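*Asks:* Would you mind keeping the following structure in view while I ask a few things?
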Amino acid sequence: MQNLELIFFIAFAIIAIYSAIMMVTRRNPISSALFLILNFFAVSGVYLLLKAQFIAIIQVLVYMGAIMVLFLFVIMLLNLHDENKLSESITYRKITAVLLSILLMGLLFVTFFFGFMGKKSEIHETAGTIGKAEFLGKELFLKYAFPVEIAGLLLLAAVVGAVVLAKKKFE
Amino acid sequence: MVELNYYLGLSSILFAIGVIGVLVRRNAIIIFMSIELMFNSINLSLISFSSFLGDVTGQILVFFIIAVAAAEAAIGLAIIIALFRNKGTVNIDEINILKW
(Lines give C-alpha, C1' and ligand atoms only; values in the text may rest on other atoms or scores of the structure.)
Protein backbone atom coordinates (compact mmCIF):
# COMPACT_ATOMS: atom_id res chain seq x y z
CA MET A 1 0.00 0.00 0.00
CA GLN A 2 2.75 2.45 0.95
CA ASN A 3 4.89 1.26 -1.94
CA LEU A 4 1.93 1.77 -4.26
CA GLU A 5 1.68 5.41 -3.16
CA LEU A 6 5.37 5.94 -3.89
CA ILE A 7 5.06 4.27 -7.31
CA PHE A 8 2.09 6.45 -8.24
CA PHE A 9 3.90 9.57 -7.02
CA ILE A 10 7.01 8.80 -9.07
CA ALA A 11 4.93 8.03 -12.17
CA PHE A 12 2.95 11.27 -11.89
CA ALA A 13 6.10 13.28 -11.15
CA ILE A 14 7.90 11.90 -14.20
CA ILE A 15 4.88 12.61 -16.44
CA ALA A 16 4.59 16.14 -15.01
CA ILE A 17 8.27 17.04 -15.46
CA TYR A 18 8.49 15.44 -18.93
CA SER A 19 5.39 17.22 -20.19
CA ALA A 20 6.54 20.55 -18.70
CA ILE A 21 9.88 20.26 -20.52
CA MET A 22 8.14 19.27 -23.76
CA MET A 23 5.73 22.20 -23.33
CA VAL A 24 8.60 24.67 -23.15
CA THR A 25 10.59 23.19 -26.04
CA ARG A 26 7.93 22.46 -28.71
CA ARG A 27 7.88 24.74 -31.77
CA ASN A 28 4.19 24.28 -32.54
CA PRO A 29 1.96 26.15 -30.01
CA ILE A 30 -0.78 23.53 -30.27
CA SER A 31 1.47 20.69 -29.16
CA SER A 32 2.70 22.96 -26.35
CA ALA A 33 -0.90 23.42 -25.20
CA LEU A 34 -1.59 19.68 -25.38
CA PHE A 35 1.52 18.91 -23.32
CA LEU A 36 0.38 21.51 -20.78
CA ILE A 37 -2.94 19.63 -20.51
CA LEU A 38 -1.00 16.41 -19.86
CA ASN A 39 0.97 18.25 -17.17
CA PHE A 40 -2.24 19.47 -15.49
CA PHE A 41 -3.55 15.91 -15.56
CA ALA A 42 -0.43 14.58 -13.82
CA VAL A 43 -0.56 17.32 -11.20
CA SER A 44 -4.22 16.60 -10.49
CA GLY A 45 -3.18 12.98 -9.93
CA VAL A 46 -0.69 14.24 -7.35
CA TYR A 47 -3.54 16.20 -5.70
CA LEU A 48 -5.46 12.94 -5.39
CA LEU A 49 -2.45 11.36 -3.67
CA LEU A 50 -2.57 14.30 -1.23
CA LYS A 51 -6.27 13.51 -0.60
CA ALA A 52 -7.47 16.85 -1.98
CA GLN A 53 -10.27 15.35 -4.07
CA PHE A 54 -12.26 18.52 -4.63
CA ILE A 55 -9.28 20.56 -5.85
CA ALA A 56 -8.24 17.70 -8.15
CA ILE A 57 -11.68 17.68 -9.81
CA ILE A 58 -11.70 21.49 -10.02
CA GLN A 59 -8.28 21.31 -11.68
CA VAL A 60 -9.63 18.94 -14.34
CA LEU A 61 -12.82 20.92 -14.90
CA VAL A 62 -11.56 24.49 -14.77
CA TYR A 63 -7.95 24.26 -15.97
CA MET A 64 -8.10 21.40 -18.44
CA GLY A 65 -11.72 21.95 -19.42
CA ALA A 66 -12.17 25.70 -19.57
CA ILE A 67 -8.84 27.52 -19.62
CA MET A 68 -6.99 25.22 -22.00
CA VAL A 69 -9.92 25.14 -24.43
CA LEU A 70 -9.70 28.94 -24.45
CA PHE A 71 -5.97 28.71 -25.18
CA LEU A 72 -6.49 26.22 -28.00
CA PHE A 73 -9.25 28.36 -29.51
CA VAL A 74 -7.02 31.44 -29.51
CA ILE A 75 -4.08 29.53 -31.01
CA MET A 76 -6.30 28.19 -33.79
CA LEU A 77 -7.90 31.63 -34.37
CA LEU A 78 -4.53 33.32 -34.74
CA ASN A 79 -3.32 30.64 -37.20
CA LEU A 80 0.31 30.80 -36.09
CA HIS A 81 3.00 28.96 -37.99
CA ASP A 82 5.90 27.13 -36.40
CA GLU A 83 8.62 29.25 -34.89
CA ASN A 84 12.29 29.04 -35.75
CA LYS A 85 14.13 26.13 -34.29
CA LEU A 86 15.32 26.87 -30.79
CA SER A 87 18.87 25.90 -31.79
CA GLU A 88 18.84 28.52 -34.59
CA SER A 89 17.99 31.38 -32.27
CA ILE A 90 20.45 30.91 -29.41
CA THR A 91 21.69 34.20 -28.02
CA TYR A 92 23.79 35.06 -25.01
CA ARG A 93 20.65 36.39 -23.35
CA LYS A 94 18.93 33.02 -23.62
CA ILE A 95 21.95 31.08 -22.40
CA THR A 96 22.20 33.39 -19.38
CA ALA A 97 18.45 33.02 -18.76
CA VAL A 98 18.65 29.22 -18.79
CA LEU A 99 21.70 29.17 -16.53
CA LEU A 100 20.05 31.52 -14.03
CA SER A 101 16.84 29.47 -14.09
CA ILE A 102 18.80 26.29 -13.39
CA LEU A 103 20.46 28.11 -10.51
CA LEU A 104 17.00 29.09 -9.24
CA MET A 105 15.88 25.48 -9.58
CA GLY A 106 18.86 24.35 -7.53
CA LEU A 107 18.20 26.93 -4.83
CA LEU A 108 14.49 26.11 -4.55
CA PHE A 109 15.16 22.39 -4.66
CA VAL A 110 17.83 22.50 -1.94
CA THR A 111 15.67 24.72 0.29
CA PHE A 112 12.48 22.72 -0.10
CA PHE A 113 13.78 19.19 -0.53
CA PHE A 114 16.59 19.18 2.04
CA GLY A 115 15.13 21.85 4.33
CA PHE A 116 11.97 19.83 4.92
CA MET A 117 13.64 16.42 4.92
CA GLY A 118 12.22 14.26 7.71
CA LYS A 119 10.02 17.07 9.08
CA LYS A 120 6.66 15.59 8.05
CA SER A 121 6.53 12.00 6.92
CA GLU A 122 2.78 11.28 6.88
CA ILE A 123 -0.31 13.02 5.63
CA HIS A 124 -2.35 14.42 8.52
CA GLU A 125 -5.16 12.07 9.56
CA THR A 126 -7.83 14.73 8.95
CA ALA A 127 -6.62 15.35 5.36
CA GLY A 128 -9.20 12.96 3.90
CA THR A 129 -12.00 14.92 5.58
CA ILE A 130 -10.89 18.45 4.73
CA GLY A 131 -10.36 17.64 1.06
CA LYS A 132 -14.03 16.77 0.56
CA ALA A 133 -16.45 19.12 -1.19
CA GLU A 134 -18.70 19.07 1.89
CA PHE A 135 -16.07 20.44 4.26
CA LEU A 136 -14.61 22.92 1.75
CA GLY A 137 -18.09 24.19 0.87
CA LYS A 138 -18.91 24.83 4.52
CA GLU A 139 -15.65 26.73 4.97
CA LEU A 140 -16.14 28.72 1.76
CA PHE A 141 -19.70 29.80 2.39
CA LEU A 142 -19.51 30.36 6.15
CA LYS A 143 -16.04 31.59 6.98
CA TYR A 144 -14.93 32.90 3.58
CA ALA A 145 -18.28 34.15 2.24
CA PHE A 146 -17.03 37.68 1.54
CA PRO A 147 -13.96 36.58 -0.48
CA VAL A 148 -16.25 34.33 -2.55
CA GLU A 149 -18.39 37.37 -3.39
CA ILE A 150 -15.28 39.36 -4.31
CA ALA A 151 -14.12 36.51 -6.57
CA GLY A 152 -17.50 36.53 -8.30
CA LEU A 153 -17.18 40.28 -8.90
CA LEU A 154 -13.66 39.76 -10.26
CA LEU A 155 -14.91 37.14 -12.71
CA LEU A 156 -17.70 39.46 -13.86
CA ALA A 157 -15.17 42.26 -14.44
CA ALA A 158 -12.94 39.82 -16.35
CA VAL A 159 -15.81 38.75 -18.63
CA VAL A 160 -16.77 42.36 -19.39
CA GLY A 161 -13.13 43.32 -19.94
CA ALA A 162 -12.47 40.38 -22.26
CA VAL A 163 -15.53 41.18 -24.39
CA VAL A 164 -14.59 44.86 -24.64
CA LEU A 165 -10.94 44.13 -25.47
CA ALA A 166 -11.61 41.45 -28.06
CA LYS A 167 -14.53 43.21 -29.76
CA LYS A 168 -13.18 46.70 -30.25
CA LYS A 169 -11.28 47.58 -33.39
CA PHE A 170 -8.56 50.01 -32.37
CA GLU A 171 -8.06 53.01 -34.66
CA MET B 1 6.10 6.63 2.23
CA VAL B 2 5.98 9.85 0.24
CA GLU B 3 7.16 12.63 2.51
CA LEU B 4 6.40 16.33 2.38
CA ASN B 5 9.73 17.25 0.82
CA TYR B 6 9.13 15.08 -2.28
CA TYR B 7 6.02 17.09 -3.13
CA LEU B 8 7.87 20.37 -2.50
CA GLY B 9 10.79 19.20 -4.66
CA LEU B 10 8.44 18.40 -7.56
CA SER B 11 6.80 21.81 -7.13
CA SER B 12 10.15 23.65 -7.23
CA ILE B 13 11.25 21.79 -10.40
CA LEU B 14 7.98 22.66 -12.18
CA PHE B 15 8.31 26.31 -11.10
CA ALA B 16 11.84 26.56 -12.51
CA ILE B 17 10.75 25.00 -15.82
CA GLY B 18 8.03 27.65 -15.99
CA VAL B 19 10.65 30.37 -15.40
CA ILE B 20 12.77 28.96 -18.25
CA GLY B 21 9.71 29.05 -20.51
CA VAL B 22 8.98 32.70 -19.69
CA LEU B 23 12.58 33.78 -20.25
CA VAL B 24 13.46 31.77 -23.36
CA ARG B 25 10.32 31.64 -25.50
CA ARG B 26 9.26 34.66 -27.58
CA ASN B 27 5.71 33.61 -28.38
CA ALA B 28 3.29 35.48 -26.09
CA ILE B 29 0.87 32.54 -25.84
CA ILE B 30 3.60 30.13 -24.76
CA ILE B 31 4.86 32.65 -22.19
CA PHE B 32 1.30 32.76 -20.90
CA MET B 33 1.14 28.97 -20.68
CA SER B 34 4.42 28.95 -18.76
CA ILE B 35 2.87 31.36 -16.27
CA GLU B 36 -0.01 28.90 -15.84
CA LEU B 37 2.59 26.18 -15.19
CA MET B 38 4.12 28.32 -12.43
CA PHE B 39 0.66 28.91 -10.92
CA ASN B 40 0.18 25.17 -10.91
CA SER B 41 3.42 24.47 -9.08
CA ILE B 42 2.52 27.02 -6.40
CA ASN B 43 -0.88 25.33 -6.02
CA LEU B 44 0.89 22.01 -5.59
CA SER B 45 3.07 23.29 -2.75
CA LEU B 46 0.09 24.97 -1.04
CA ILE B 47 -1.97 21.78 -1.19
CA SER B 48 0.86 19.63 0.08
CA PHE B 49 1.33 21.90 3.09
CA SER B 50 -2.43 21.95 3.59
CA SER B 51 -2.84 18.19 3.74
CA PHE B 52 0.34 17.48 5.69
CA LEU B 53 -0.63 20.03 8.36
CA GLY B 54 -4.35 19.17 8.30
CA ASP B 55 -5.22 22.83 7.70
CA VAL B 56 -7.92 23.77 5.19
CA THR B 57 -6.67 27.33 4.52
CA GLY B 58 -4.23 26.23 1.85
CA GLN B 59 -6.97 24.59 -0.20
CA ILE B 60 -9.21 27.67 0.13
CA LEU B 61 -6.32 29.78 -1.17
CA VAL B 62 -5.83 27.40 -4.11
CA PHE B 63 -9.55 27.72 -4.88
CA PHE B 64 -9.21 31.51 -5.15
CA ILE B 65 -5.97 31.21 -7.15
CA ILE B 66 -7.82 29.07 -9.71
CA ALA B 67 -10.63 31.68 -9.91
CA VAL B 68 -8.11 34.49 -10.45
CA ALA B 69 -6.19 32.39 -13.01
CA ALA B 70 -9.39 31.90 -15.00
CA ALA B 71 -10.03 35.66 -15.02
CA GLU B 72 -6.40 36.34 -15.92
CA ALA B 73 -6.50 33.86 -18.81
CA ALA B 74 -9.63 35.46 -20.28
CA ILE B 75 -8.20 38.99 -20.08
CA GLY B 76 -4.73 37.99 -21.24
CA LEU B 77 -6.00 36.10 -24.28
CA ALA B 78 -8.26 39.04 -25.18
CA ILE B 79 -5.20 41.33 -25.03
CA ILE B 80 -3.24 38.90 -27.23
CA ILE B 81 -6.07 38.86 -29.80
CA ALA B 82 -6.20 42.69 -29.81
CA LEU B 83 -2.40 42.82 -30.22
CA PHE B 84 -2.48 40.33 -33.07
CA ARG B 85 -5.17 42.36 -34.79
CA ASN B 86 -3.06 45.52 -34.59
CA LYS B 87 0.43 44.16 -35.11
CA GLY B 88 -0.10 40.93 -37.00
CA THR B 89 2.26 39.04 -34.69
CA VAL B 90 2.46 37.63 -31.18
CA ASN B 91 6.26 37.67 -31.03
CA ILE B 92 7.04 39.83 -28.03
CA ASP B 93 10.34 41.03 -29.55
CA GLU B 94 8.35 42.86 -32.24
CA ILE B 95 5.79 44.30 -29.83
CA ASN B 96 7.78 47.16 -28.35
CA ILE B 97 5.61 50.28 -28.57
CA LEU B 98 5.87 50.78 -24.81
CA LYS B 99 9.60 50.24 -24.78
CA TRP B 100 11.76 53.29 -24.34
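Following the order of the C-alpha coordinates, chains are lettered A, B, ..., residues in each are numbered from 1, and ligands are numbered from 1.
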Could you tell me which residues of chain A sit within 6 Å of chain B when counting only C-alpha atoms, and give me the result as an MDAnalysis selection string?

*Replies:* chainID A and resid 2 6 24 94 98 101 105 108:109 112:113 116:117 120:121 123:124 126:127 155 158 162 165:166

*Asks:* Could you jot down the atom CA of Val74 of chain A to atom CA of Ile30 of chain A separation for me, Å, one decimal place?

*Replies:*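 Rounded to one decimal, the two atoms are 10.1 Å apart.
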
*Asks:* Write out as JSON lines a residue-level contact list of segment 35-136 of chain A versus segment 7-16 of chain A with cut-off 8 Å: for each qualifying residue the closest pair of atoms and the distance in Å to one decimal, counting only C-alpha atoms, rows sorted by chain and residue number upward.

*Replies:*
{"residue": "A:Leu38", "atom": "CA", "partner": "A:Ala16", "partner_atom": "CA", "distance": 7.4}
{"residue": "A:Asn39", "atom": "CA", "partner": "A:Ala16", "partner_atom": "CA", "distance": 4.7}
{"residue": "A:Phe40", "atom": "CA", "partner": "A:Ala16", "partner_atom": "CA", "distance": 7.6}
{"residue": "A:Ala42", "atom": "CA", "partner": "A:Phe12", "partner_atom": "CA", "distance": 5.1}
{"residue": "A:Val43", "atom": "CA", "partner": "A:Ala16", "partner_atom": "CA", "distance": 6.5}
{"residue": "A:Gly45", "atom": "CA", "partner": "A:Phe12", "partner_atom": "CA", "distance": 6.7}
{"residue": "A:Val46", "atom": "CA", "partner": "A:Phe12", "partner_atom": "CA", "distance": 6.5}
{"residue": "A:Leu49", "atom": "CA", "partner": "A:Phe9", "partner_atom": "CA", "distance": 7.4}

*Asks:* Emit the selected residues as a JSON list (two decimals), in the first residue's frame, including N, CA, C and O atoms.

*Replies:*
[["chain", "number", "residue", "atom", "x", "y", "z"],
["A", 38, "LEU", "N", -1.52, 17.64, -20.47],
["A", 38, "LEU", "CA", -1.00, 16.41, -19.86],
["A", 38, "LEU", "C", -0.37, 16.72, -18.50],
["A", 38, "LEU", "O", -0.56, 15.98, -17.52],
["A", 39, "ASN", "N", 0.34, 17.86, -18.42],
["A", 39, "ASN", "CA", 0.97, 18.25, -17.17],
["A", 39, "ASN", "C", -0.09, 18.51, -16.09],
["A", 39, "ASN", "O", 0.05, 18.06, -14.95],
["A", 40, "PHE", "N", -1.17, 19.22, -16.46],
["A", 40, "PHE", "CA", -2.24, 19.47, -15.49],
["A", 40, "PHE", "C", -2.86, 18.16, -15.01],
["A", 40, "PHE", "O", -3.18, 18.02, -13.83],
["A", 42, "ALA", "N", -1.35, 15.23, -14.77],
["A", 42, "ALA", "CA", -0.43, 14.58, -13.82],
["A", 42, "ALA", "C", -0.47, 15.27, -12.47],
["A", 42, "ALA", "O", -0.49, 14.61, -11.42],
["A", 43, "VAL", "N", -0.53, 16.62, -12.48],
["A", 43, "VAL", "CA", -0.56, 17.32, -11.20],
["A", 43, "VAL", "C", -1.87, 17.05, -10.46],
["A", 43, "VAL", "O", -1.87, 16.92, -9.23],
["A", 45, "GLY", "N", -3.41, 14.27, -10.55],
["A", 45, "GLY", "CA", -3.18, 12.98, -9.93],
["A", 45, "GLY", "C", -2.42, 13.10, -8.62],
["A", 45, "GLY", "O", -2.73, 12.42, -7.64],
["A", 46, "VAL", "N", -1.42, 14.01, -8.59],
["A", 46, "VAL", "CA", -0.69, 14.24, -7.35],
["A", 46, "VAL", "C", -1.61, 14.81, -6.28],
["A", 46, "VAL", "O", -1.51, 14.46, -5.10],
["A", 49, "LEU", "N", -3.31, 12.03, -4.65],
["A", 49, "LEU", "CA", -2.45, 11.36, -3.67],
["A", 49, "LEU", "C", -2.42, 12.14, -2.37],
["A", 49, "LEU", "O", -2.27, 11.55, -1.30]]

*Asks:* With DSSP run on the backbone, what are the helix (DSSP H, G or I) residues within chain B? I'd like them as a PyMOL selection string.

*Replies:* chain B and resi 4-24+28-53+57-87
